[in-house]
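Here is input-v3.cif, consisting of mmCIF, C-alpha atoms:
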```cif
data_start
loop_
_atom_site.label_atom_id
_atom_site.label_comp_id
_atom_site.auth_asym_id
_atom_site.auth_seq_id
_atom_site.Cartn_x
_atom_site.Cartn_y
_atom_site.Cartn_z
CA MET A 1 -98.54 -18.72 -69.71
CA SER A 2 -97.27 -15.36 -68.49
CA ILE A 3 -96.23 -14.36 -72.03
CA TYR A 4 -99.84 -14.58 -73.10
CA ASN A 5 -101.09 -12.84 -69.94
CA ASP A 6 -98.64 -9.98 -70.54
CA PHE A 7 -100.18 -9.58 -74.00
CA LEU A 8 -103.72 -9.61 -72.57
CA ASN A 9 -102.78 -6.90 -70.08
CA LYS A 10 -101.93 -4.57 -72.98
CA LEU A 11 -105.47 -4.85 -74.35
CA GLU A 12 -107.77 -2.06 -73.26
CA GLN A 13 -111.03 -3.37 -74.72
CA GLN A 14 -112.81 -6.45 -73.38
CA GLU A 15 -113.80 -7.39 -76.94
CA LEU A 16 -110.12 -7.70 -77.89
CA VAL A 17 -109.44 -9.87 -74.84
CA GLU A 18 -112.29 -12.15 -75.93
CA VAL A 19 -110.93 -12.32 -79.49
CA SER A 20 -107.45 -13.16 -78.18
CA ASN A 21 -108.81 -15.86 -75.89
CA VAL A 22 -110.78 -17.49 -78.71
CA LEU A 23 -107.76 -17.45 -81.03
CA HIS A 24 -105.45 -18.74 -78.29
CA ASP A 25 -107.85 -21.57 -77.43
CA GLU A 26 -108.24 -22.59 -81.08
CA ILE A 27 -104.48 -22.65 -81.65
CA MET A 28 -103.80 -24.59 -78.46
CA THR A 29 -106.21 -27.39 -79.48
CA PHE A 30 -103.43 -28.63 -81.74
CA SER A 31 -100.85 -30.85 -80.10
CA HIS A 32 -97.19 -29.88 -79.76
CA ILE A 33 -97.91 -26.14 -79.85
CA GLU A 34 -96.24 -23.89 -77.31
CA ILE A 35 -96.08 -20.15 -76.74
CA LYS A 36 -92.81 -18.23 -76.71
CA LYS A 37 -92.15 -14.53 -76.43
CA LYS A 38 -90.63 -12.97 -79.53
CA PHE A 39 -90.59 -9.24 -80.30
CA ASN A 40 -92.74 -8.73 -77.16
CA LEU A 41 -95.57 -10.75 -78.76
CA PRO A 42 -96.94 -14.24 -78.11
CA PHE A 43 -95.62 -16.53 -80.87
CA PHE A 44 -97.02 -20.01 -81.30
CA TYR A 45 -94.37 -22.62 -82.10
CA GLY A 46 -94.39 -26.17 -83.38
CA LYS A 47 -90.99 -27.07 -84.79
CA THR A 48 -90.50 -23.37 -85.60
CA TRP A 49 -92.72 -20.30 -85.38
CA ILE A 50 -96.13 -20.77 -86.94
CA CYS A 51 -98.18 -17.70 -86.07
CA TYR A 52 -98.48 -14.89 -83.56
CA LEU A 53 -100.98 -12.43 -82.14
CA ASN A 54 -100.51 -8.72 -82.73
CA LEU A 55 -102.43 -5.69 -81.52
CA ILE A 56 -103.14 -3.29 -84.38
CA LYS A 57 -103.63 0.37 -83.39
CA LYS A 58 -105.35 -0.71 -80.15
CA LYS A 59 -108.46 -1.47 -82.24
CA GLU A 60 -108.05 -5.03 -83.51
CA ILE A 61 -106.18 -8.28 -83.05
CA GLU A 62 -104.34 -9.74 -86.00
CA LEU A 63 -103.46 -13.41 -86.16
CA CYS A 64 -100.35 -13.41 -88.34
CA PHE A 65 -99.06 -16.50 -90.14
CA VAL A 66 -95.28 -16.33 -90.45
CA ARG A 67 -95.21 -18.50 -93.59
CA GLY A 68 -98.45 -17.13 -95.02
CA ARG A 69 -97.17 -16.94 -98.59
CA GLU A 70 -96.50 -20.70 -98.54
CA LEU A 71 -100.02 -21.69 -97.47
CA GLN A 72 -102.38 -23.21 -100.03
CA SER A 73 -105.20 -20.91 -98.90
CA LYS A 74 -103.07 -17.75 -98.88
CA GLU A 75 -105.78 -15.83 -100.77
CA LEU A 76 -107.73 -15.73 -97.48
CA LEU A 77 -104.96 -13.72 -95.81
CA ASN A 78 -104.23 -10.00 -95.86
CA PHE A 79 -100.54 -9.42 -96.59
CA LYS A 80 -100.64 -5.61 -96.44
CA ASP A 81 -97.11 -4.59 -97.51
CA ARG A 82 -95.48 -7.73 -96.17
CA VAL A 83 -93.72 -10.31 -98.29
CA MET A 84 -94.21 -13.51 -96.27
CA ILE A 85 -96.52 -12.76 -93.33
CA GLY A 86 -100.26 -12.85 -93.94
CA GLY A 87 -102.88 -12.16 -91.34
CA LEU A 88 -106.50 -12.24 -90.28
CA SER A 89 -107.79 -9.21 -88.34
CA TYR A 90 -110.62 -9.21 -85.82
CA LYS A 91 -112.38 -6.50 -83.80
CA SER A 92 -114.78 -8.84 -82.00
CA LYS A 93 -115.21 -12.57 -81.61
CA ASN A 94 -118.29 -12.36 -83.87
CA ASP A 95 -115.91 -11.53 -86.75
CA ILE A 96 -114.18 -14.90 -86.49
CA ASP A 97 -114.95 -17.39 -89.26
CA TYR A 98 -114.05 -20.64 -87.51
CA GLY A 99 -113.95 -22.62 -90.76
CA VAL A 100 -111.35 -20.29 -92.28
CA LEU A 101 -109.42 -20.09 -89.02
CA LYS A 102 -109.23 -23.86 -88.60
CA LEU A 103 -108.29 -24.38 -92.26
CA LEU A 104 -105.41 -21.90 -92.08
CA LEU A 105 -104.17 -23.23 -88.74
CA GLU A 106 -104.19 -26.80 -90.07
CA GLU A 107 -102.30 -25.74 -93.20
CA ALA A 108 -99.74 -23.73 -91.22
CA ILE A 109 -99.13 -26.50 -88.68
CA THR A 110 -98.88 -29.17 -91.40
CA LEU A 111 -96.39 -27.00 -93.28
CA ASP A 112 -94.38 -26.52 -90.09
CA GLN A 113 -94.31 -30.28 -89.45
CA ASN A 114 -93.48 -31.34 -93.00
CA GLU A 115 -91.25 -28.61 -94.43
CA PRO A 116 -88.63 -27.00 -92.21
CA TYR A 117 -88.62 -23.22 -92.14
CA THR A 118 -85.39 -21.89 -93.51
CA PHE A 119 -84.78 -18.20 -93.62
CA THR A 120 -81.59 -16.90 -95.07
CA LYS A 121 -80.79 -13.25 -95.48
CA LYS A 122 -79.39 -12.27 -98.80
CA LYS A 123 -75.86 -11.04 -98.50
CA LYS A 124 -75.32 -7.44 -99.45
CA LYS A 125 -72.92 -6.93 -102.29
#
```
Using structure tokens, write down the structure from this file.
Amino acid sequence: MSIYNDFLNKLEQQELVEVSNVLHDEIMTFSHIEIKKKFNLPFFYGKTWICYLNLIKKKEIELCFVRGRELQSKELLNFKDRVMIGGLSYKSKNDIDYGVLKLLLEEAITLDQNEPYTFTKKKKK
């Protein structure tokens, strides 16, 4: 659990700690999910990485779905300039739409369980 606690210690606002705790608790309600440290962030794994928490400009927490583009409900995610990763950003726990959150988590975990994640870099010519 120290990976997650390290992340919480970086948060300066109590509201962001509360958001992180709510997101963490919702994710951990699913079985076979574990936290691993990747890129100094808490990543949530099933068979492979599913999602992670990220601090954005010390003002909001973003729950990022690694395979966001593959989700059926991808229109609910903000992709910014990213190709695959889509996210939901929160400034307080009142911003969290639990229906949307649960839907996306279920889709991401089902995708992880049923279709292996395969990432291959394109070779430079």
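Shortest separation to Asn54 of chain A among A:Val66, A:Leu8, A:Leu41, A:Leu16 occurs at residue A:Leu41, atoms counted being all atoms listed in the file.
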- Query: Within 12 Å of (-100.6, -6.2, -95.2), only C-alpha atoms: residues as a PyMOL selection string?
  - Reply: chain A and resi 56+62-65+68-69+77-89
- Best match for closeness to Val22 of chain A among A:Lys102, A:Lys47, A:Lys57, A:Lys93, counting all atoms listed in the file: A:Lys93
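What separates atom CA of Phe43 of chain A from atom CA of Thr29 of chain A is a distance of 15.2 Å.
The interatomic distance for the pair atom CA of Phe7 of chain A and atom CA of Pro42 of chain A works out to 7.0 Å.
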- Specify as number ranges by chain each residue included when the PyMOL selection byres ((chain A and resi 50) around 12) is applied to this file. A: 27, 30, 32-36, 42-49, 51-53, 63-68, 70-71, 84-87, 104-113, 115-117
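You will find atom CA of Lys58 of chain A at 27.6 Å from atom CA of Ser73 of chain A.
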The PyMOL selection byres ((chain A and resi 92) around 7) resolved against shown file, as a compact mmCIF listing (two decimals) with C-alpha atoms, keeping the file's coordinate frame:
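Output contents, as saved in selection-v5.txt:
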```
# COMPACT_ATOMS: atom_id res chain seq x y z
CA GLU A 15 -113.80 -7.39 -76.94
CA LEU A 16 -110.12 -7.70 -77.89
CA VAL A 19 -110.93 -12.32 -79.49
CA TYR A 90 -110.62 -9.21 -85.82
CA LYS A 91 -112.38 -6.50 -83.80
CA LYS A 93 -115.21 -12.57 -81.61
CA ASN A 94 -118.29 -12.36 -83.87
CA ASP A 95 -115.91 -11.53 -86.75
```
Could you give me the axis-aligned bounding box of segment 15-27 of chain A, with 8 Å of padding per side, as centre plus edge lengths in Å to one decimal, as AutoDock Vina command-line options?
```
--center_x -109.1 --center_y -15.0 --center_z -78.2 --size_x 25.3 --size_y 31.3 --size_z 22.8
```
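If all atoms listed in the file are the atoms counted, then among A:Leu103, A:Lys38, A:Asn21, A:Lys59 the closest residue to Ile3 of chain A is A:Lys38.
Using only C-alpha atoms, the nearest neighbour of Ile96 of chain A within the list A:Asn114, A:Glu60, A:Glu12, A:Ser2 is A:Glu60.
The residue that comes closest to Gln13 of chain A, out of A:Glu26, A:Ser31, A:Lys37, A:Ile61 and on the basis of all atoms listed in the file, is A:Ile61.
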